[in-house]
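Participant: Got run-v9.cif for you, mmCIF, C-alpha atoms:
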```
data_protein
loop_
_atom_site.group_PDB
_atom_site.id
_atom_site.type_symbol
_atom_site.label_atom_id
_atom_site.label_comp_id
_atom_site.auth_asym_id
_atom_site.auth_seq_id
_atom_site.Cartn_x
_atom_site.Cartn_y
_atom_site.Cartn_z
ATOM 1 C CA MET N 859 -46.352 -40.379 -81.670
ATOM 2 C CA LYS N 860 -47.533 -36.847 -80.930
ATOM 3 C CA LYS N 861 -50.578 -38.182 -79.071
ATOM 4 C CA THR N 862 -48.439 -40.083 -76.585
ATOM 5 C CA LYS N 863 -46.297 -37.101 -75.537
ATOM 6 C CA PRO N 864 -48.815 -35.504 -73.143
ATOM 7 C CA ARG N 865 -49.311 -38.858 -71.473
ATOM 8 C CA ASN N 866 -45.558 -39.337 -71.096
ATOM 9 C CA LYS N 867 -45.179 -35.819 -69.725
ATOM 10 C CA GLY N 868 -47.975 -36.421 -67.228
ATOM 11 C CA LEU N 869 -46.368 -39.667 -66.107
ATOM 12 C CA LEU N 870 -43.004 -37.956 -65.745
ATOM 13 C CA HIS N 871 -44.624 -35.158 -63.738
ATOM 14 C CA ASN N 872 -46.322 -37.663 -61.414
ATOM 15 C CA ASN N 873 -43.080 -39.554 -60.944
ATOM 16 C CA ARG N 874 -41.299 -36.341 -60.000
ATOM 17 C CA LYS N 875 -44.011 -35.486 -57.480
ATOM 18 C CA LEU N 876 -43.804 -38.981 -56.001
ATOM 19 C CA SER N 877 -40.015 -38.749 -55.852
ATOM 20 C CA ALA N 878 -40.203 -35.368 -54.107
ATOM 21 C CA TRP N 879 -42.753 -36.736 -51.619
ATOM 22 C CA ASN N 880 -40.562 -39.756 -50.865
ATOM 23 C CA SER N 881 -37.525 -37.516 -50.470
ATOM 24 C CA PHE N 882 -39.446 -35.354 -48.007
ATOM 25 C CA TRP N 883 -40.281 -38.302 -45.736
ATOM 26 C CA ARG N 884 -36.781 -39.747 -46.049
ATOM 27 C CA PHE N 885 -35.202 -36.518 -44.785
ATOM 28 C CA PRO N 886 -33.793 -37.391 -41.302
ATOM 29 C CA ILE N 887 -35.441 -34.556 -39.354
ATOM 30 C CA VAL N 888 -38.841 -35.426 -40.853
ATOM 31 C CA TRP N 889 -38.841 -39.123 -39.941
ATOM 32 C CA MET N 890 -37.293 -38.289 -36.576
ATOM 33 C CA ILE N 891 -40.164 -35.919 -35.704
ATOM 34 C CA ALA N 892 -42.842 -38.216 -37.132
ATOM 35 C CA GLY N 893 -41.544 -41.199 -35.187
ATOM 36 C CA ALA N 894 -41.184 -39.189 -31.972
ATOM 37 C CA ILE N 895 -44.773 -37.930 -32.245
ATOM 38 C CA GLY N 896 -46.069 -41.454 -32.761
ATOM 39 C CA ILE N 897 -44.136 -42.863 -29.799
ATOM 40 C CA THR N 898 -45.196 -39.953 -27.568
ATOM 41 C CA LEU N 899 -48.866 -40.486 -28.449
ATOM 42 C CA VAL N 900 -48.642 -44.176 -27.561
ATOM 43 C CA ASP N 901 -46.897 -43.329 -24.280
ATOM 44 C CA THR N 902 -49.463 -40.653 -23.369
ATOM 45 C CA LEU N 903 -52.404 -42.962 -24.020
ATOM 46 C CA PHE N 904 -51.089 -45.830 -21.930
ATOM 47 C CA ARG N 905 -49.827 -43.551 -19.167
ATOM 48 C CA GLN N 906 -53.418 -42.491 -18.549
ATOM 49 C CA LEU N 907 -54.437 -46.142 -18.338
ATOM 50 C CA THR N 908 -51.632 -47.176 -15.972
ATOM 51 C CA GLU N 909 -52.328 -44.296 -13.573
ATOM 52 C CA ARG N 910 -55.672 -45.900 -12.716
ATOM 53 C CA VAL N 911 -54.115 -49.244 -11.740
ATOM 54 C CA GLU N 912 -50.659 -48.094 -10.602
ATOM 55 C CA GLY N 913 -48.669 -50.563 -8.507
ATOM 56 C CA THR N 914 -50.551 -53.641 -9.754
ATOM 57 C CA ALA N 915 -49.711 -56.417 -12.188
ATOM 58 C CA VAL N 916 -52.193 -54.869 -14.625
ATOM 59 C CA SER N 917 -50.171 -51.643 -14.801
ATOM 60 C CA LEU N 918 -47.059 -53.668 -15.613
ATOM 61 C CA VAL N 919 -48.920 -55.455 -18.411
ATOM 62 C CA PHE N 920 -50.078 -52.086 -19.778
ATOM 63 C CA THR N 921 -46.470 -50.857 -19.734
ATOM 64 C CA LEU N 922 -45.260 -53.930 -21.614
ATOM 65 C CA VAL N 923 -47.982 -53.445 -24.235
ATOM 66 C CA MET N 924 -47.086 -49.753 -24.502
ATOM 67 C CA GLY N 925 -43.428 -50.631 -24.962
ATOM 68 C CA SER N 926 -44.218 -53.155 -27.686
ATOM 69 C CA LEU N 927 -46.382 -50.644 -29.560
ATOM 70 C CA ALA N 928 -43.745 -47.899 -29.188
ATOM 71 C CA ILE N 929 -41.117 -50.230 -30.659
ATOM 72 C CA LEU N 930 -43.527 -51.070 -33.492
ATOM 73 C CA VAL N 931 -44.043 -47.355 -34.234
ATOM 74 C CA TYR N 932 -40.264 -46.912 -34.241
ATOM 75 C CA LYS N 933 -39.769 -49.811 -36.639
ATOM 76 C CA LEU N 934 -42.522 -48.622 -38.992
ATOM 77 C CA SER N 935 -41.089 -45.086 -38.997
ATOM 78 C CA LEU N 936 -37.611 -46.283 -39.916
ATOM 79 C CA THR N 937 -38.805 -48.902 -42.401
ATOM 80 C CA TYR N 938 -41.405 -46.924 -44.357
ATOM 81 C CA LEU N 939 -40.300 -43.311 -43.873
ATOM 82 C CA ALA N 940 -36.509 -43.464 -43.515
ATOM 83 C CA ARG N 941 -36.404 -46.573 -45.756
ATOM 84 C CA ARG N 942 -33.735 -48.317 -43.744
ATOM 85 C CA SER N 943 -33.388 -51.513 -41.733
ATOM 86 C CA THR N 944 -33.464 -51.599 -37.929
ATOM 87 C CA PRO N 945 -30.711 -53.960 -36.702
ATOM 88 C CA GLU N 946 -30.579 -51.949 -33.454
ATOM 89 C CA ILE N 947 -33.823 -53.668 -32.356
ATOM 90 C CA SER N 948 -33.005 -57.089 -33.787
ATOM 91 C CA ARG N 949 -34.808 -59.897 -31.933
ATOM 92 C CA GLN N 950 -31.713 -62.096 -32.116
ATOM 93 C CA ARG N 951 -29.783 -59.712 -29.858
ATOM 94 C CA ALA N 952 -32.630 -58.646 -27.578
ATOM 95 C CA GLY N 953 -31.984 -61.019 -24.688
ATOM 96 C CA LYS N 954 -28.189 -60.822 -24.569
ATOM 97 C CA ASP N 955 -27.957 -57.045 -25.003
ATOM 98 C CA THR N 956 -30.778 -56.284 -22.553
ATOM 99 C CA VAL N 957 -29.154 -58.421 -19.836
ATOM 100 C CA LEU N 958 -25.762 -56.822 -20.505
ATOM 101 C CA GLY N 959 -27.347 -53.379 -20.296
ATOM 102 C CA VAL N 960 -29.128 -54.206 -17.035
ATOM 103 C CA LEU N 961 -25.870 -55.450 -15.505
ATOM 104 C CA THR N 962 -24.002 -52.327 -16.642
ATOM 105 C CA GLY N 963 -26.662 -49.973 -15.285
ATOM 106 C CA SER N 964 -26.904 -51.903 -12.015
ATOM 107 C CA LEU N 965 -23.153 -51.765 -11.415
ATOM 108 C CA PHE N 966 -23.039 -48.075 -12.332
ATOM 109 C CA ILE N 967 -25.759 -46.910 -9.939
ATOM 110 C CA THR N 968 -24.985 -49.356 -7.131
ATOM 111 C CA GLY N 969 -21.292 -48.515 -7.301
ATOM 112 C CA SER N 970 -21.978 -44.767 -7.275
ATOM 113 C CA ALA N 971 -24.331 -45.093 -4.275
ATOM 114 C CA VAL N 972 -21.789 -47.207 -2.380
ATOM 115 C CA ILE N 973 -19.025 -44.637 -2.980
ATOM 116 C CA ILE N 974 -21.250 -41.793 -1.738
ATOM 117 C CA MET N 975 -22.218 -43.899 1.284
ATOM 118 C CA ALA N 976 -18.537 -44.620 2.025
ATOM 119 C CA LEU N 977 -17.861 -40.879 1.893
ATOM 120 C CA GLY N 978 -20.610 -40.280 4.469
ATOM 121 C CA GLY N 979 -23.186 -38.839 2.088
ATOM 122 C CA TYR N 980 -25.849 -41.572 2.350
ATOM 123 C CA SER N 981 -27.069 -43.948 5.020
ATOM 124 C CA PHE N 982 -29.749 -46.508 4.170
ATOM 125 C CA GLN N 983 -32.295 -48.268 6.331
ATOM 126 C CA TRP N 984 -34.857 -50.879 5.327
ATOM 127 C CA ALA N 985 -38.203 -49.147 4.986
ATOM 128 C CA GLY N 986 -40.178 -52.140 6.222
ATOM 129 C CA SER N 987 -42.950 -51.592 3.673
ATOM 130 C CA ALA N 988 -45.953 -53.851 4.152
ATOM 131 C CA ASP N 989 -46.539 -53.945 0.416
ATOM 132 C CA THR N 990 -43.137 -54.778 -1.050
ATOM 133 C CA SER N 991 -44.614 -56.244 -4.238
ATOM 134 C CA SER N 992 -46.457 -52.990 -4.990
ATOM 135 C CA VAL N 993 -43.257 -50.987 -4.538
ATOM 136 C CA LEU N 994 -41.361 -53.356 -6.834
ATOM 137 C CA ILE N 995 -44.023 -53.337 -9.548
ATOM 138 C CA SER N 996 -44.428 -49.567 -9.392
ATOM 139 C CA SER N 997 -40.676 -48.977 -9.683
ATOM 140 C CA ILE N 998 -40.248 -51.496 -12.521
ATOM 141 C CA GLU N 999 -43.275 -50.222 -14.437
ATOM 142 C CA THR N 1000 -42.260 -46.547 -14.215
ATOM 143 C CA SER N 1001 -38.615 -47.214 -15.060
ATOM 144 C CA LEU N 1002 -39.382 -49.564 -17.936
ATOM 145 C CA GLY N 1003 -41.796 -47.158 -19.615
ATOM 146 C CA ALA N 1004 -39.382 -44.236 -19.340
ATOM 147 C CA ALA N 1005 -36.415 -46.286 -20.555
ATOM 148 C CA ILE N 1006 -38.195 -47.576 -23.661
ATOM 149 C CA VAL N 1007 -39.720 -44.256 -24.710
ATOM 150 C CA GLU N 1008 -36.649 -42.101 -24.032
ATOM 151 C CA GLU N 1009 -34.211 -44.494 -25.682
ATOM 152 C CA LEU N 1010 -36.361 -44.933 -28.794
ATOM 153 C CA ILE N 1011 -36.623 -41.157 -29.176
ATOM 154 C CA PHE N 1012 -33.147 -40.001 -28.134
ATOM 155 C CA ARG N 1013 -30.775 -42.821 -29.097
ATOM 156 C CA GLY N 1014 -33.028 -44.415 -31.704
ATOM 157 C CA LEU N 1015 -34.509 -41.526 -33.684
ATOM 158 C CA MET N 1016 -32.599 -38.359 -32.779
ATOM 159 C CA PHE N 1017 -29.131 -39.889 -32.572
ATOM 160 C CA GLN N 1018 -29.407 -41.695 -35.893
ATOM 161 C CA ALA N 1019 -31.047 -38.769 -37.678
ATOM 162 C CA ILE N 1020 -28.262 -36.369 -36.640
ATOM 163 C CA ASP N 1021 -25.637 -39.038 -37.321
ATOM 164 C CA GLN N 1022 -26.938 -39.258 -40.878
ATOM 165 C CA LEU N 1023 -26.788 -35.479 -41.263
ATOM 166 C CA GLY N 1024 -23.548 -34.607 -39.492
ATOM 167 C CA GLY N 1025 -21.780 -37.677 -38.156
ATOM 168 C CA ARG N 1026 -21.456 -39.539 -34.872
ATOM 169 C CA ALA N 1027 -19.629 -36.868 -32.887
ATOM 170 C CA LEU N 1028 -22.317 -34.305 -33.625
ATOM 171 C CA ALA N 1029 -25.043 -36.833 -32.833
ATOM 172 C CA LEU N 1030 -23.462 -37.617 -29.468
ATOM 173 C CA ALA N 1031 -23.076 -33.930 -28.591
ATOM 174 C CA VAL N 1032 -26.574 -32.849 -29.668
ATOM 175 C CA THR N 1033 -28.471 -35.753 -28.086
ATOM 176 C CA SER N 1034 -26.532 -35.335 -24.842
ATOM 177 C CA LEU N 1035 -27.364 -31.620 -24.684
ATOM 178 C CA PHE N 1036 -31.032 -32.226 -25.495
ATOM 179 C CA PHE N 1037 -31.231 -34.985 -22.895
ATOM 180 C CA GLY N 1038 -29.846 -32.681 -20.216
ATOM 181 C CA ALA N 1039 -32.165 -29.844 -21.251
ATOM 182 C CA ALA N 1040 -35.165 -32.195 -21.157
ATOM 183 C CA HIS N 1041 -34.561 -32.681 -17.401
ATOM 184 C CA LEU N 1042 -34.371 -28.979 -16.549
ATOM 185 C CA GLY N 1043 -38.075 -28.883 -15.690
ATOM 186 C CA ASN N 1044 -37.817 -31.724 -13.156
ATOM 187 C CA PRO N 1045 -38.223 -31.080 -9.399
ATOM 188 C CA GLY N 1046 -35.009 -29.810 -7.804
ATOM 189 C CA ALA N 1047 -33.305 -29.306 -11.173
ATOM 190 C CA THR N 1048 -30.494 -26.778 -11.555
ATOM 191 C CA LEU N 1049 -28.069 -25.859 -14.299
ATOM 192 C CA TRP N 1050 -25.548 -28.163 -12.616
ATOM 193 C CA SER N 1051 -27.974 -31.106 -12.527
ATOM 194 C CA ALA N 1052 -28.734 -30.587 -16.228
ATOM 195 C CA PHE N 1053 -24.999 -30.525 -17.015
ATOM 196 C CA ALA N 1054 -24.522 -33.655 -14.921
ATOM 197 C CA ILE N 1055 -27.281 -35.386 -16.913
ATOM 198 C CA VAL N 1056 -25.569 -34.328 -20.140
ATOM 199 C CA LEU N 1057 -22.368 -36.126 -19.081
ATOM 200 C CA GLU N 1058 -23.538 -39.096 -17.036
ATOM 201 C CA ALA N 1059 -26.678 -39.934 -19.042
ATOM 202 C CA GLY N 1060 -26.390 -38.309 -22.458
ATOM 203 C CA VAL N 1061 -22.764 -39.228 -23.059
ATOM 204 C CA LEU N 1062 -22.938 -42.619 -21.319
ATOM 205 C CA LEU N 1063 -26.079 -43.801 -23.132
ATOM 206 C CA GLY N 1064 -24.820 -42.365 -26.426
ATOM 207 C CA ALA N 1065 -21.491 -44.138 -25.971
ATOM 208 C CA ALA N 1066 -23.335 -47.332 -25.060
ATOM 209 C CA PHE N 1067 -25.335 -47.128 -28.284
ATOM 210 C CA LEU N 1068 -22.261 -46.431 -30.388
ATOM 211 C CA TRP N 1069 -20.439 -49.351 -28.805
ATOM 212 C CA ARG N 1070 -23.151 -51.992 -29.108
ATOM 213 C CA ARG N 1071 -25.311 -50.403 -31.851
ATOM 214 C CA SER N 1072 -28.235 -51.848 -29.921
ATOM 215 C CA LEU N 1073 -31.234 -50.118 -28.372
ATOM 216 C CA TRP N 1074 -31.815 -53.211 -26.228
ATOM 217 C CA PHE N 1075 -28.513 -52.467 -24.497
ATOM 218 C CA THR N 1076 -29.310 -48.809 -23.807
ATOM 219 C CA ILE N 1077 -32.879 -49.632 -22.722
ATOM 220 C CA GLY N 1078 -31.558 -52.236 -20.282
ATOM 221 C CA LEU N 1079 -28.958 -49.826 -18.904
ATOM 222 C CA HIS N 1080 -31.482 -46.995 -18.555
ATOM 223 C CA PHE N 1081 -34.068 -49.295 -16.968
ATOM 224 C CA ALA N 1082 -31.689 -50.688 -14.347
ATOM 225 C CA TRP N 1083 -30.417 -47.178 -13.573
ATOM 226 C CA ASN N 1084 -33.868 -45.786 -12.740
ATOM 227 C CA THR N 1085 -35.140 -48.939 -11.031
ATOM 228 C CA ILE N 1086 -32.257 -49.244 -8.583
ATOM 229 C CA GLU N 1087 -32.383 -45.541 -7.758
ATOM 230 C CA GLY N 1088 -36.082 -45.845 -6.978
ATOM 231 C CA LEU N 1089 -35.745 -49.023 -4.933
ATOM 232 C CA LEU N 1090 -32.954 -47.437 -2.897
ATOM 233 C CA GLY N 1091 -35.365 -44.636 -2.009
ATOM 234 C CA LEU N 1092 -33.364 -42.019 -3.928
ATOM 235 C CA PRO N 1093 -35.072 -39.391 -6.105
ATOM 236 C CA VAL N 1094 -35.045 -40.387 -9.771
ATOM 237 C CA SER N 1095 -34.091 -37.266 -11.733
ATOM 238 C CA GLY N 1096 -35.723 -35.164 -9.013
ATOM 239 C CA HIS N 1097 -38.869 -37.290 -8.714
ATOM 240 C CA SER N 1098 -39.315 -38.835 -5.278
ATOM 241 C CA ALA N 1099 -39.699 -42.615 -5.140
ATOM 242 C CA ALA N 1100 -41.274 -44.888 -2.516
ATOM 243 C CA GLY N 1101 -38.417 -47.389 -2.378
ATOM 244 C CA LEU N 1102 -37.564 -50.382 -0.260
ATOM 245 C CA PHE N 1103 -35.157 -48.225 1.772
ATOM 246 C CA THR N 1104 -35.226 -44.839 3.426
ATOM 247 C CA VAL N 1105 -32.128 -42.768 2.864
ATOM 248 C CA LYS N 1106 -30.599 -40.158 5.135
ATOM 249 C CA VAL N 1107 -28.600 -37.539 3.240
ATOM 250 C CA ASN N 1108 -25.575 -35.840 4.827
ATOM 251 C CA GLY N 1109 -23.058 -33.372 3.463
ATOM 252 C CA ALA N 1110 -22.715 -31.061 0.494
ATOM 253 C CA ALA N 1111 -25.104 -31.276 -2.461
ATOM 254 C CA LEU N 1112 -22.121 -31.785 -4.778
ATOM 255 C CA LEU N 1113 -21.550 -35.134 -3.059
ATOM 256 C CA THR N 1114 -25.139 -36.226 -2.410
ATOM 257 C CA GLY N 1115 -26.939 -34.603 -5.315
ATOM 258 C CA GLY N 1116 -29.246 -32.605 -3.035
ATOM 259 C CA ASP N 1117 -32.964 -32.500 -3.851
ATOM 260 C CA PHE N 1118 -32.412 -33.727 -7.405
ATOM 261 C CA GLY N 1119 -30.934 -36.988 -6.165
ATOM 262 C CA LEU N 1120 -27.903 -39.083 -6.963
ATOM 263 C CA GLU N 1121 -27.758 -37.949 -10.599
ATOM 264 C CA SER N 1122 -26.725 -34.472 -9.468
ATOM 265 C CA SER N 1123 -23.764 -35.833 -7.488
ATOM 266 C CA ILE N 1124 -20.230 -35.485 -8.800
ATOM 267 C CA VAL N 1125 -19.617 -39.176 -8.068
ATOM 268 C CA PRO N 1126 -21.776 -40.732 -10.836
ATOM 269 C CA VAL N 1127 -20.523 -38.067 -13.247
ATOM 270 C CA ILE N 1128 -16.960 -39.289 -12.737
ATOM 271 C CA VAL N 1129 -17.955 -42.966 -12.723
ATOM 272 C CA SER N 1130 -19.997 -42.556 -15.911
ATOM 273 C CA LEU N 1131 -17.043 -40.991 -17.727
ATOM 274 C CA LEU N 1132 -14.854 -43.897 -16.625
ATOM 275 C CA ILE N 1133 -17.392 -46.220 -18.253
ATOM 276 C CA SER N 1134 -18.079 -44.060 -21.317
ATOM 277 C CA ILE N 1135 -14.467 -43.639 -22.406
ATOM 278 C CA PRO N 1136 -13.788 -47.399 -22.909
ATOM 279 C CA MET N 1137 -17.129 -47.682 -24.747
ATOM 280 C CA LEU N 1138 -16.191 -44.840 -27.094
ATOM 281 C CA ILE N 1139 -12.795 -46.435 -27.705
ATOM 282 C CA GLY N 1140 -14.527 -49.732 -28.471
ATOM 283 C CA ALA N 1141 -16.958 -47.956 -30.802
ATOM 284 C CA ALA N 1142 -14.051 -46.309 -32.657
ATOM 285 C CA ARG N 1143 -12.369 -49.684 -33.103
ATOM 286 C CA ASN N 1144 -15.588 -51.214 -34.401
ATOM 287 C CA ARG N 1145 -15.922 -48.304 -36.802
ATOM 288 C CA ARG N 1146 -12.447 -48.896 -38.199
ATOM 289 C CA VAL N 1147 -13.307 -52.555 -38.747
ATOM 290 C CA GLU N 1148 -16.571 -51.593 -40.488
ATOM 291 C CA VAL N 1149 -14.743 -49.178 -42.783
ATOM 292 C CA GLY N 1150 -12.249 -51.934 -43.576
ATOM 293 C CA GLY N 1151 -15.118 -54.133 -44.769
ATOM 294 C CA LEU N 1152 -14.592 -56.857 -42.183
ATOM 295 C CA PRO N 1153 -17.219 -58.353 -39.876
ATOM 296 C CA VAL N 1154 -17.602 -56.629 -36.521
ATOM 297 C CA SER N 1155 -17.520 -58.873 -33.470
ATOM 298 C CA LYS N 1156 -20.300 -58.271 -30.984
#
```
Output the file's structure in the form of structure tokens.

Facilitator:
Amino acid sequence: MKKTKPRNKGLLHNNRKLSAWNSFWRFPIVWMIAGAIGITLVDTLFRQLTERVEGTAVSLVFTLVMGSLAILVYKLSLTYLARRSTPEISRQRAGKDTVLGVLTGSLFITGSAVIIMALGGYSFQWAGSADTSSVLISSIETSLGAAIVEELIFRGLMFQAIDQLGGRALALAVTSLFFGAAHLGNPGATLWSAFAIVLEAGVLLGAAFLWRRSLWFTIGLHFAWNTIEGLLGLPVSGHSAAGLFTVKVNGAALLTGGDFGLESSIVPVIVSLLISIPMLIGAARNRRVEVGGLPVSK
């Protein structure tokens, strides 16, 4: 019996080390950072490839491949590091939630642009581009890549990591603030534009995720948002876009958004809050149903 004790102690020591190692990787901040690094590396690699064939069908294919790999990295990070399932990227809900997100984002941006136009802030004219297909592909490719990467990192990894540590309210507040801060370095950015992004993007996309618990929904919303802005010829978060229209801007920057574009206008801030509040109410109702142990309708 005495001869077996050292072996048992060694086994116990190894088990403790393995348990500590597993606990390290399962800590929310650790798997959040690891997943974000992996997704960023995939995005950086394919961005270099797409720059060489920008505006062509090949660049769109590269973006789709990049998106698929980024989603795979996300799933692997959550499955093997966080040790949890990933219903937020369930294939069964991909089509329905993506379409719903695209419709929501389209109505949000189109409606905001129409209101600003009615108030005299914008006037649009068809650009008459000879290469419409190139403009479409370029806008779709850029918007799709940004939507996938940003939603996987902010609503997928960061939101859920902070939710696990401090709850949904904290997750919504922190991700919204980080999302606004991440746009401070964009062309034409100001403290007001960053605050506007916090409310109209951070809160709206966070509320959308809480409501549907689906990254397909937030990716669709984000994608439609950026695509329509670009096609309208409006700057996308300060970045100029060669759209299908040319836009003439009139009036105060608070109405038009100034150099940063529509996202710095007071109009989409108000509209986004009008959309976010019902989503947050719906999310709270779903939460009460979940706590009660009943199935949640989607």

Participant: For Ser917 of chain N, list every protein, DNA or RNA residue within 10 Å, evaluated using all atoms listed in the file, and leave out those in the same chain fewer than 2 positions away; present the list as a PDB file with C-alpha atoms, keeping the file's coordinate frame.

Facilitator:
```
ATOM      1  CA  PHE N 904     -51.089 -45.830 -21.930  1.00  0.00           C
ATOM      2  CA  ARG N 905     -49.827 -43.551 -19.167  1.00  0.00           C
ATOM      3  CA  LEU N 907     -54.437 -46.142 -18.338  1.00  0.00           C
ATOM      4  CA  THR N 908     -51.632 -47.176 -15.972  1.00  0.00           C
ATOM      5  CA  GLU N 909     -52.328 -44.296 -13.573  1.00  0.00           C
ATOM      6  CA  ARG N 910     -55.672 -45.900 -12.716  1.00  0.00           C
ATOM      7  CA  VAL N 911     -54.115 -49.244 -11.740  1.00  0.00           C
ATOM      8  CA  GLU N 912     -50.659 -48.094 -10.602  1.00  0.00           C
ATOM      9  CA  GLY N 913     -48.669 -50.563  -8.507  1.00  0.00           C
ATOM     10  CA  THR N 914     -50.551 -53.641  -9.754  1.00  0.00           C
ATOM     11  CA  ALA N 915     -49.711 -56.417 -12.188  1.00  0.00           C
ATOM     12  CA  VAL N 919     -48.920 -55.455 -18.411  1.00  0.00           C
ATOM     13  CA  PHE N 920     -50.078 -52.086 -19.778  1.00  0.00           C
ATOM     14  CA  THR N 921     -46.470 -50.857 -19.734  1.00  0.00           C
ATOM     15  CA  LEU N 922     -45.260 -53.930 -21.614  1.00  0.00           C
ATOM     16  CA  VAL N 923     -47.982 -53.445 -24.235  1.00  0.00           C
ATOM     17  CA  ILE N 995     -44.023 -53.337  -9.548  1.00  0.00           C
ATOM     18  CA  SER N 996     -44.428 -49.567  -9.392  1.00  0.00           C
ATOM     19  CA  GLU N 999     -43.275 -50.222 -14.437  1.00  0.00           C
ATOM     20  CA  THR N1000     -42.260 -46.547 -14.215  1.00  0.00           C
TER      21      THR N1000
END
```

Participant: Which residues come within 12 Å of segment 935-945 of chain N, counting all atoms listed in the file, excluding same-chain residues fewer than 6 positions away, as a PyMOL selection string?

Facilitator: chain N and resi 879-897+928-929+951-952+1010-1011+1014-1016+1018-1019+1022+1070-1074

Participant: Have a look at atom CA of Leu1063 of chain N and atom CA of Arg1146 of chain N and let me know their distance in Å, one decimal.

Facilitator: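 Taking atom CA of Leu1063 of chain N and atom CA of Arg1146 of chain N, their separation equals 20.9 Å.
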
Participant: Using Å and a single decimal, report how far atom CA of Asn1084 of chain N sits from atom CA of Ser991 of chain N.

Facilitator: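 So the answer is 17.2 Å.
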
Participant: Measuring between all atoms listed in the file, which one of N:Ala1065, N:Ala985, N:Ile973, N:Ala1142 shows the shortest distance to Ile1124 of chain N?

Facilitator: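 Going through N:Ala1065, N:Ala985, N:Ile973, N:Ala1142 one by one, the smallest distance to Ile1124 of chain N is for N:Ile973.
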
Participant: Please measure the separation of atom CA of Val1107 of chain N and atom CA of Ser981 of chain N, giving the value in Å to one decimal.

Facilitator: 6.8 Å

Participant: Give the answer as one residue: which of N:Leu977, N:Ala878, N:Ile947, N:Ala1047 has the shortest atom-to-atom distance to Gly1109 of chain N, using all atoms listed in the file?

Facilitator: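 The closest residue to Gly1109 of chain N is N:Leu977.
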
Participant: Can you spell out as JSON, numbers by chain the set of residues that the PyMOL selection byres ((chain N and resi 1125) around 8) selects in the structure I just provided?

Facilitator: {"N": [970, 973, 974, 1113, 1123, 1124, 1126, 1127, 1128, 1129]}

Participant: Pull C-alpha atoms from the residues just selected and write them as a PDB file, keeping the file's coordinate frame.

Facilitator:
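The resulting part_15.pdb:
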```
ATOM      1  CA  SER N 970     -21.978 -44.767  -7.275  1.00  0.00           C
ATOM      2  CA  ILE N 973     -19.025 -44.637  -2.980  1.00  0.00           C
ATOM      3  CA  ILE N 974     -21.250 -41.793  -1.738  1.00  0.00           C
ATOM      4  CA  LEU N1113     -21.550 -35.134  -3.059  1.00  0.00           C
ATOM      5  CA  SER N1123     -23.764 -35.833  -7.488  1.00  0.00           C
ATOM      6  CA  ILE N1124     -20.230 -35.485  -8.800  1.00  0.00           C
ATOM      7  CA  PRO N1126     -21.776 -40.732 -10.836  1.00  0.00           C
ATOM      8  CA  VAL N1127     -20.523 -38.067 -13.247  1.00  0.00           C
ATOM      9  CA  ILE N1128     -16.960 -39.289 -12.737  1.00  0.00           C
ATOM     10  CA  VAL N1129     -17.955 -42.966 -12.723  1.00  0.00           C
TER      11      VAL N1129
END
```

Participant: Could you give me, as a Markdown table, every segment 995-1087 of chain N residue with an atom at most 7 Å from segment 962-966 of chain N, plus its closest atom pair and distance in Å to one decimal, counting all atoms listed in the file, rows ordered by chain then number?

Facilitator:
```
| residue | atom | partner | partner_atom | distance |
| --- | --- | --- | --- | --- |
| N:Leu1079 | CA | N:Gly963 | CA | 4.3 |
| N:His1080 | CA | N:Gly963 | CA | 6.5 |
| N:Ala1082 | CA | N:Gly963 | CA | 5.2 |
| N:Trp1083 | CA | N:Gly963 | CA | 5.0 |
| N:Ile1086 | CA | N:Ser964 | CA | 6.9 |
```

Participant: Give me the residues within 7 Å of Thr956 of chain N as a PyMOL selection string, counting all atoms listed in the file and dropping any in the same chain fewer than 5 places off.

Facilitator: chain N and resi 1074-1075+1077-1078

Participant: Near Asn1108 of chain N, counting all atoms listed in the file, which residues have an atom at most 12 Å away, once you skip same-chain residues fewer than 5 positions from it, shown as a PDB file with C-alpha atoms, in the coordinates of the input?

Facilitator:
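Result file selection-v1.pdb:
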```
ATOM      1  CA  ILE N 974     -21.250 -41.793  -1.738  1.00  0.00           C
ATOM      2  CA  MET N 975     -22.218 -43.899   1.284  1.00  0.00           C
ATOM      3  CA  ALA N 976     -18.537 -44.620   2.025  1.00  0.00           C
ATOM      4  CA  LEU N 977     -17.861 -40.879   1.893  1.00  0.00           C
ATOM      5  CA  GLY N 978     -20.610 -40.280   4.469  1.00  0.00           C
ATOM      6  CA  GLY N 979     -23.186 -38.839   2.088  1.00  0.00           C
ATOM      7  CA  TYR N 980     -25.849 -41.572   2.350  1.00  0.00           C
ATOM      8  CA  SER N 981     -27.069 -43.948   5.020  1.00  0.00           C
ATOM      9  CA  PHE N 982     -29.749 -46.508   4.170  1.00  0.00           C
ATOM     10  CA  LEU N1113     -21.550 -35.134  -3.059  1.00  0.00           C
ATOM     11  CA  THR N1114     -25.139 -36.226  -2.410  1.00  0.00           C
ATOM     12  CA  GLY N1115     -26.939 -34.603  -5.315  1.00  0.00           C
ATOM     13  CA  GLY N1116     -29.246 -32.605  -3.035  1.00  0.00           C
ATOM     14  CA  ASP N1117     -32.964 -32.500  -3.851  1.00  0.00           C
TER      15      ASP N1117
END
```

Participant: Let me make sure I understand: among N:Leu1030, N:Leu1035, N:Val993, N:Val957, which one has the smallest atom-to-atom distance to Ala1099 of chain N if we use all atoms listed in the file?

Facilitator: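 Using all atoms listed in the file, the shortest distance to Ala1099 of chain N belongs to N:Val993.
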
Participant: List as a list in words the residues having at least one atom at most 12 Å from position (-36.6, -32.4, -20.8) as given in the file, counting all atoms listed in the file.

Facilitator: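 Residues with an atom close enough to that point: Glu1008, Phe1012, Thr1033, Ser1034, Leu1035, Phe1036, Phe1037, Gly1038, Ala1039, Ala1040, His1041, Leu1042, Gly1043, Asn1044, Pro1045, Ala1047, Ala1052, Ile1055, Val1056, Gly1060 and Ser1095 of chain N.
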